[in-house]
Amino acid sequence: MTVADLSTQDRYPTRIGASSTLLERTDPTVWPGVDSGPATAEELAAHDAKGFHTVEGLLSPAEVQTFWRELERLSEDPRVRADERTVVEKKSNEVRSQFEVHKTSELIAELVRDPRVLDRARQILGSDVYVHQSRINYMPGYRGSGFYWHSDFETWHAEDGMPAMRAVSISIALTDNYPFNGGLMIMPGAHKTFVSCVGETPEDNYKSSLKEQEVGVPSEDDITKLAYEHGIEQFTGPAGSALWFDSNCMHGSGNNITPFPRSNIFIVFNSVDNALVEPFAARRPRPEFIASRDFTPVTR
């Protein structure tokens, strides 16, 4: 099936023109439908205005240690490293990310169902949710590579077939996040603008883009416009802190040249009412371990 055959209207066209375009978002950020949960009215208002909000102390110090030991177990398991779901650094060959960890780790599966996590996702998206993607990100000291500026939704829309901006991500820090060890940078309010990118999607683009994204990234001119309009904030804080951010947030991170590693658990929740269709700008969908097509709602 081609993009032209899709019954779902493409409201965010990308990777089709010779020049980039800035489009106004037409989807809510905080969706109606779920009135109760752990997020306060102030947190939801901040999320709506900025595209993100933080929760300090989501995990206790004891829980952080438990998950850190799980992270070490997974990273040291040769079977896990050899799995196609594990991505290694382009230069150092060290583990960069491990995908679908809610299926390989019962601890993380429990975290996905934890009311502190699940119920807040349902509040933001206004519906039942499923896991679109889960992973552990590793950024070792000295050799950790950053991520260039991008919107996750641009890729999920173009390559996974996600119709609307009705997904939210949580990044839970398992190490202290300092301003100097590659912490996530994010542009508050830029989630209200969709950057339509240039460049045709290569075949099996995920094999290279998970290490270093080259297609589906905004131009320097677009980044400059957004940065001067919205500014840049950074997610910092002790281990156990969490950042919730909208699928269309413009974000990125620098390299980590300090001795201090930075690792996090990353979970993407998508609304069950926003199920994936055929990709809008790719010949075929990415693998299931990157973009799940099991739309079964997460339950406790």
# chains A, B, ... in the order shown; residues from 1 in each chain; ligands from 1
>>> closest_atom_pairs(of="range 198-265 of chain A", to="range 142-158 of chain A", cutoff="9 Å", atoms="only C-alpha atoms", output="CSV")
residue,atom,partner,partner_atom,distance
A:Thr201,CA,A:Ala158,CA,8.3
A:Lys211,CA,A:Phe147,CA,8.7
A:Glu212,CA,A:Phe147,CA,7.2
A:Gln213,CA,A:Tyr148,CA,7.2
A:Glu214,CA,A:Tyr148,CA,8.8
A:Val215,CA,A:Thr155,CA,9.0
A:Gly216,CA,A:Thr155,CA,6.4
A:Val217,CA,A:His150,CA,5.3
A:Pro218,CA,A:His150,CA,6.5
A:Ile223,CA,A:Trp149,CA,7.6
A:Asp246,CA,A:Phe153,CA,8.7
A:Ser247,CA,A:Phe153,CA,5.1
A:Asn248,CA,A:Ser151,CA,5.0
A:Cys249,CA,A:Ser151,CA,5.6
A:Met250,CA,A:Ser151,CA,4.9
A:His251,CA,A:Trp149,CA,5.2
A:Gly252,CA,A:Trp149,CA,4.4
A:Ser253,CA,A:Gly146,CA,4.8
A:Gly254,CA,A:Gly146,CA,4.4
A:Asn255,CA,A:Gly146,CA,4.4
A:Asn256,CA,A:Gly144,CA,5.0
A:Ile257,CA,A:Tyr142,CA,4.0
A:Thr258,CA,A:Tyr142,CA,5.3
A:Pro259,CA,A:Tyr142,CA,5.9
A:Phe260,CA,A:Tyr142,CA,8.0
A:Pro261,CA,A:Gly144,CA,7.9
A:Arg262,CA,A:Gly144,CA,8.4
>>> write_last_selection(atoms="N, CA, C and O atoms", output="short mmCIF file (atom, residue, chain, number, x, y, z; two decimals), in the first residue's frame")
data_model
loop_
_atom_site.label_atom_id
_atom_site.label_comp_id
_atom_site.auth_asym_id
_atom_site.auth_seq_id
_atom_site.Cartn_x
_atom_site.Cartn_y
_atom_site.Cartn_z
N THR A 201 13.24 8.82 2.47
CA THR A 201 13.62 7.81 3.45
C THR A 201 14.34 6.65 2.78
O THR A 201 13.77 5.99 1.91
N LYS A 211 21.80 4.90 15.19
CA LYS A 211 23.15 5.25 15.63
C LYS A 211 23.43 6.74 15.39
O LYS A 211 24.02 7.40 16.23
N GLU A 212 23.02 7.23 14.25
CA GLU A 212 23.18 8.64 13.91
C GLU A 212 22.15 9.00 12.86
O GLU A 212 22.21 8.52 11.73
N GLN A 213 21.20 9.86 13.24
CA GLN A 213 20.10 10.19 12.34
C GLN A 213 20.53 11.25 11.35
O GLN A 213 21.07 12.30 11.71
N GLU A 214 20.30 10.99 10.06
CA GLU A 214 20.65 11.92 9.01
C GLU A 214 19.44 12.37 8.19
O GLU A 214 19.42 13.47 7.66
N VAL A 215 18.44 11.50 8.07
CA VAL A 215 17.20 11.84 7.37
C VAL A 215 16.11 12.06 8.41
O VAL A 215 16.00 11.32 9.38
N GLY A 216 15.30 13.10 8.21
CA GLY A 216 14.26 13.40 9.18
C GLY A 216 14.71 14.34 10.28
O GLY A 216 14.07 14.42 11.32
N VAL A 217 15.80 15.05 10.03
CA VAL A 217 16.26 16.05 10.99
C VAL A 217 16.03 17.43 10.40
O VAL A 217 16.11 17.63 9.18
N PRO A 218 15.75 18.41 11.25
CA PRO A 218 15.49 19.76 10.74
C PRO A 218 16.77 20.43 10.23
O PRO A 218 17.87 20.05 10.62
N ILE A 223 16.15 25.03 13.04
CA ILE A 223 16.56 24.92 14.44
C ILE A 223 16.82 26.31 15.01
O ILE A 223 16.41 26.63 16.14
N ASP A 246 6.20 15.48 25.05
CA ASP A 246 5.31 15.24 23.92
C ASP A 246 6.08 14.67 22.74
O ASP A 246 7.28 14.92 22.56
N SER A 247 5.38 13.95 21.89
CA SER A 247 6.02 13.29 20.75
C SER A 247 6.63 14.27 19.76
O SER A 247 7.55 13.92 19.02
N ASN A 248 6.14 15.52 19.74
CA ASN A 248 6.65 16.49 18.77
C ASN A 248 7.61 17.50 19.38
O ASN A 248 7.93 18.50 18.74
N CYS A 249 8.09 17.26 20.59
CA CYS A 249 9.07 18.17 21.18
C CYS A 249 10.36 18.16 20.36
O CYS A 249 10.83 17.11 19.93
N MET A 250 10.93 19.34 20.17
CA MET A 250 12.22 19.44 19.51
C MET A 250 13.30 19.28 20.59
O MET A 250 13.38 20.07 21.52
N HIS A 251 14.10 18.23 20.46
CA HIS A 251 15.06 17.93 21.51
C HIS A 251 16.32 17.30 20.93
O HIS A 251 16.35 16.86 19.78
N GLY A 252 17.36 17.25 21.73
CA GLY A 252 18.62 16.65 21.34
C GLY A 252 19.56 16.64 22.53
O GLY A 252 19.23 17.13 23.61
N SER A 253 20.73 16.07 22.35
CA SER A 253 21.72 16.02 23.43
C SER A 253 23.12 16.05 22.84
O SER A 253 23.35 15.60 21.71
N GLY A 254 24.05 16.58 23.62
CA GLY A 254 25.44 16.63 23.19
C GLY A 254 26.19 15.38 23.62
O GLY A 254 25.68 14.53 24.35
N ASN A 255 27.44 15.26 23.17
CA ASN A 255 28.29 14.15 23.57
C ASN A 255 28.64 14.25 25.04
O ASN A 255 28.63 15.34 25.64
N ASN A 256 28.95 13.12 25.64
CA ASN A 256 29.38 13.09 27.03
C ASN A 256 30.89 12.86 27.08
O ASN A 256 31.36 11.75 26.86
N ILE A 257 31.65 13.92 27.36
CA ILE A 257 33.11 13.79 27.46
C ILE A 257 33.57 13.84 28.90
O ILE A 257 34.76 13.98 29.18
N THR A 258 32.62 13.69 29.84
CA THR A 258 32.96 13.68 31.26
C THR A 258 33.13 12.23 31.73
O THR A 258 32.76 11.29 31.03
N PRO A 259 33.64 12.03 32.95
CA PRO A 259 33.72 10.67 33.49
C PRO A 259 32.39 10.11 33.95
O PRO A 259 32.28 8.93 34.30
N PHE A 260 31.35 10.96 33.97
CA PHE A 260 30.08 10.59 34.58
C PHE A 260 29.11 10.03 33.53
O PHE A 260 28.66 10.76 32.65
N PRO A 261 28.75 8.75 33.62
CA PRO A 261 27.83 8.16 32.64
C PRO A 261 26.43 8.71 32.82
O PRO A 261 26.08 9.26 33.86
N ARG A 262 25.63 8.56 31.77
CA ARG A 262 24.23 8.98 31.83
C ARG A 262 23.39 7.88 31.18
O ARG A 262 23.56 7.57 30.00
#
>>> residues_around(residues="range 112-117 of chain A", least_positions_apart="2", cutoff="12 Å", atoms="only C-alpha atoms", output="JSON, numbers by chain")
{"A": [36, 37, 38, 39, 55, 57, 58, 59, 100, 101, 102, 103, 105, 106, 107, 108, 109, 110, 119, 120, 121, 122, 123, 124, 129, 130, 131, 132, 133, 134, 135, 168, 169, 170, 171, 172, 242, 243, 244, 265, 266, 267, 268, 269, 297, 298, 299, 300]}
>>> atom_distance(atom1="CA of Gly189 in chain A", atom2="CA of Ser20 in chain A")
19.4 Å
>>> residues_around(residues="Val198 in chain A", least_positions_apart="2", cutoff="7 Å", atoms="only C-alpha atoms", output="ChimeraX atom specification")
/A:14-20,196,200,216
>>> atom_distance(atom1="CA of Pro279 in chain A", atom2="CA of Thr8 in chain A")
10.8 Å
>>> closest_residue(among="A:Glu159, A:Asp176, A:Asp221, A:Glu229", to="Ala291 in chain A", atoms="only C-alpha atoms")
A:Glu159
>>> closest_residue(among="A:Ala282, A:Glu24, A:Trp31, A:Tyr138", to="Val87 in chain A", atoms="only C-alpha atoms")
A:Tyr138
>>> select_by_dssp(residues="range 112-211 of chain A", states="alpha helix (DSSP H)", output="number ranges by chain")
A: 112-113, 115-125, 152-155, 206-209
>>> write_last_selection(atoms="C-alpha atoms", output="JSON list (two decimals), in the first residue's frame")
[["chain", "number", "residue", "atom", "x", "y", "z"],
["A", 112, "VAL", "CA", 5.22, 0.12, 32.52],
["A", 113, "ARG", "CA", 2.19, -1.05, 34.55],
["A", 115, "PRO", "CA", 0.24, 3.52, 38.35],
["A", 116, "ARG", "CA", 2.83, 6.30, 38.78],
["A", 117, "VAL", "CA", 3.71, 5.81, 35.13],
["A", 118, "LEU", "CA", 0.70, 4.27, 33.40],
["A", 119, "ASP", "CA", -1.96, 6.50, 34.94],
["A", 120, "ARG", "CA", -0.06, 9.70, 34.10],
["A", 121, "ALA", "CA", 0.30, 8.58, 30.48],
["A", 122, "ARG", "CA", -3.45, 7.95, 30.34],
["A", 123, "GLN", "CA", -4.11, 11.41, 31.80],
["A", 124, "ILE", "CA", -1.98, 13.13, 29.17],
["A", 125, "LEU", "CA", -3.34, 11.17, 26.21],
["A", 152, "ASP", "CA", 10.34, 11.91, 17.47],
["A", 153, "PHE", "CA", 6.93, 12.30, 15.86],
["A", 154, "GLU", "CA", 8.47, 13.18, 12.50],
["A", 155, "THR", "CA", 10.09, 9.74, 12.40],
["A", 206, "TYR", "CA", 16.53, 2.48, 11.02],
["A", 207, "LYS", "CA", 19.76, 0.48, 10.81],
["A", 208, "SER", "CA", 21.79, 3.67, 10.56],
["A", 209, "SER", "CA", 19.43, 6.26, 12.06]]
>>> closest_residue(among="A:Thr224, A:Ala190, A:Pro238, A:Glu233", to="Tyr178 in chain A", atoms="only C-alpha atoms")
A:Pro238
>>> residues_around(residues="Thr193 in chain A", least_positions_apart="4", cutoff="7 Å", atoms="only C-alpha atoms", output="PyMOL selection string")
chain A and resi 22-25
>>> write_last_selection(atoms="C-alpha atoms", output="PDB file, in the first residue's frame")
ATOM      1  CA  LEU A  22       7.086  24.815   9.440  1.00  0.00           C
ATOM      2  CA  LEU A  23       3.489  23.649   9.990  1.00  0.00           C
ATOM      3  CA  GLU A  24       1.140  24.571  12.821  1.00  0.00           C
ATOM      4  CA  ARG A  25       0.184  21.677  15.076  1.00  0.00           C
TER       5      ARG A  25
END
>>> select_by_dssp(residues="range 56-268 of chain A", states="strand (DSSP E or B)", output="PyMOL selection string")
chain A and resi 86-88+95-99+129-139+144+147-151+167-173+177+184-186+193-196+233-234+237+242-246+250-253+256+262-268
>>> write_last_selection(atoms="C-alpha atoms", output="compact mmCIF listing (two decimals), in the first residue's frame")
# COMPACT_ATOMS: atom_id res chain seq x y z
CA THR A 86 20.66 -3.88 20.73
CA VAL A 87 22.26 -0.86 19.04
CA VAL A 88 25.98 -0.15 19.49
CA VAL A 95 26.10 -0.48 23.69
CA ARG A 96 24.04 2.64 22.88
CA SER A 97 20.45 1.39 23.25
CA GLN A 98 18.48 -1.78 23.93
CA PHE A 99 14.96 -1.87 22.53
CA VAL A 129 -2.53 3.43 26.00
CA TYR A 130 -0.14 0.81 24.66
CA VAL A 131 3.66 0.75 24.48
CA HIS A 132 4.80 2.03 21.10
CA GLN A 133 8.47 1.65 22.05
CA SER A 134 10.67 0.96 25.06
CA ARG A 135 14.41 1.04 25.45
CA ILE A 136 17.33 1.62 27.76
CA ASN A 137 19.72 4.34 26.66
CA TYR A 138 23.37 4.20 27.69
CA MET A 139 25.71 7.19 27.50
CA GLY A 144 28.87 8.67 24.85
CA PHE A 147 21.49 12.82 19.51
CA TYR A 148 21.05 15.64 17.00
CA TRP A 149 18.00 17.94 17.19
CA HIS A 150 14.84 16.15 16.09
CA SER A 151 11.16 15.52 16.71
CA ALA A 167 1.93 9.85 22.03
CA VAL A 168 4.03 10.76 25.05
CA SER A 169 7.45 9.64 26.23
CA ILE A 170 8.90 9.24 29.69
CA SER A 171 12.64 9.29 30.31
CA ILE A 172 13.57 8.06 33.78
CA ALA A 173 17.10 8.89 34.90
CA ASN A 177 21.83 14.22 35.02
CA LEU A 184 18.70 16.19 27.17
CA MET A 185 18.06 19.67 25.75
CA ILE A 186 14.53 20.61 24.78
CA THR A 193 5.24 23.53 15.34
CA PHE A 194 5.84 20.56 13.07
CA VAL A 195 9.02 20.71 11.01
CA SER A 196 8.49 19.03 7.66
CA GLU A 233 15.97 24.14 28.57
CA GLN A 234 17.80 21.09 29.85
CA GLY A 237 18.40 16.24 38.28
CA ALA A 242 11.61 11.66 35.22
CA LEU A 243 10.88 13.80 32.19
CA TRP A 244 7.55 13.48 30.40
CA PHE A 245 7.61 14.98 26.91
CA ASP A 246 5.31 15.24 23.92
CA MET A 250 12.22 19.44 19.51
CA HIS A 251 15.06 17.93 21.51
CA GLY A 252 18.62 16.65 21.34
CA SER A 253 21.72 16.02 23.43
CA ASN A 256 29.38 13.09 27.03
CA ARG A 262 24.23 8.98 31.83
CA SER A 263 21.64 6.22 31.43
CA ASN A 264 17.88 6.20 31.38
CA ILE A 265 14.80 4.06 30.84
CA PHE A 266 12.74 5.37 27.93
CA ILE A 267 9.10 4.37 27.37
CA VAL A 268 6.77 5.68 24.67
>>> atom_distance(atom1="CA of Thr175 in chain A", atom2="CA of His53 in chain A")
18.7 Å
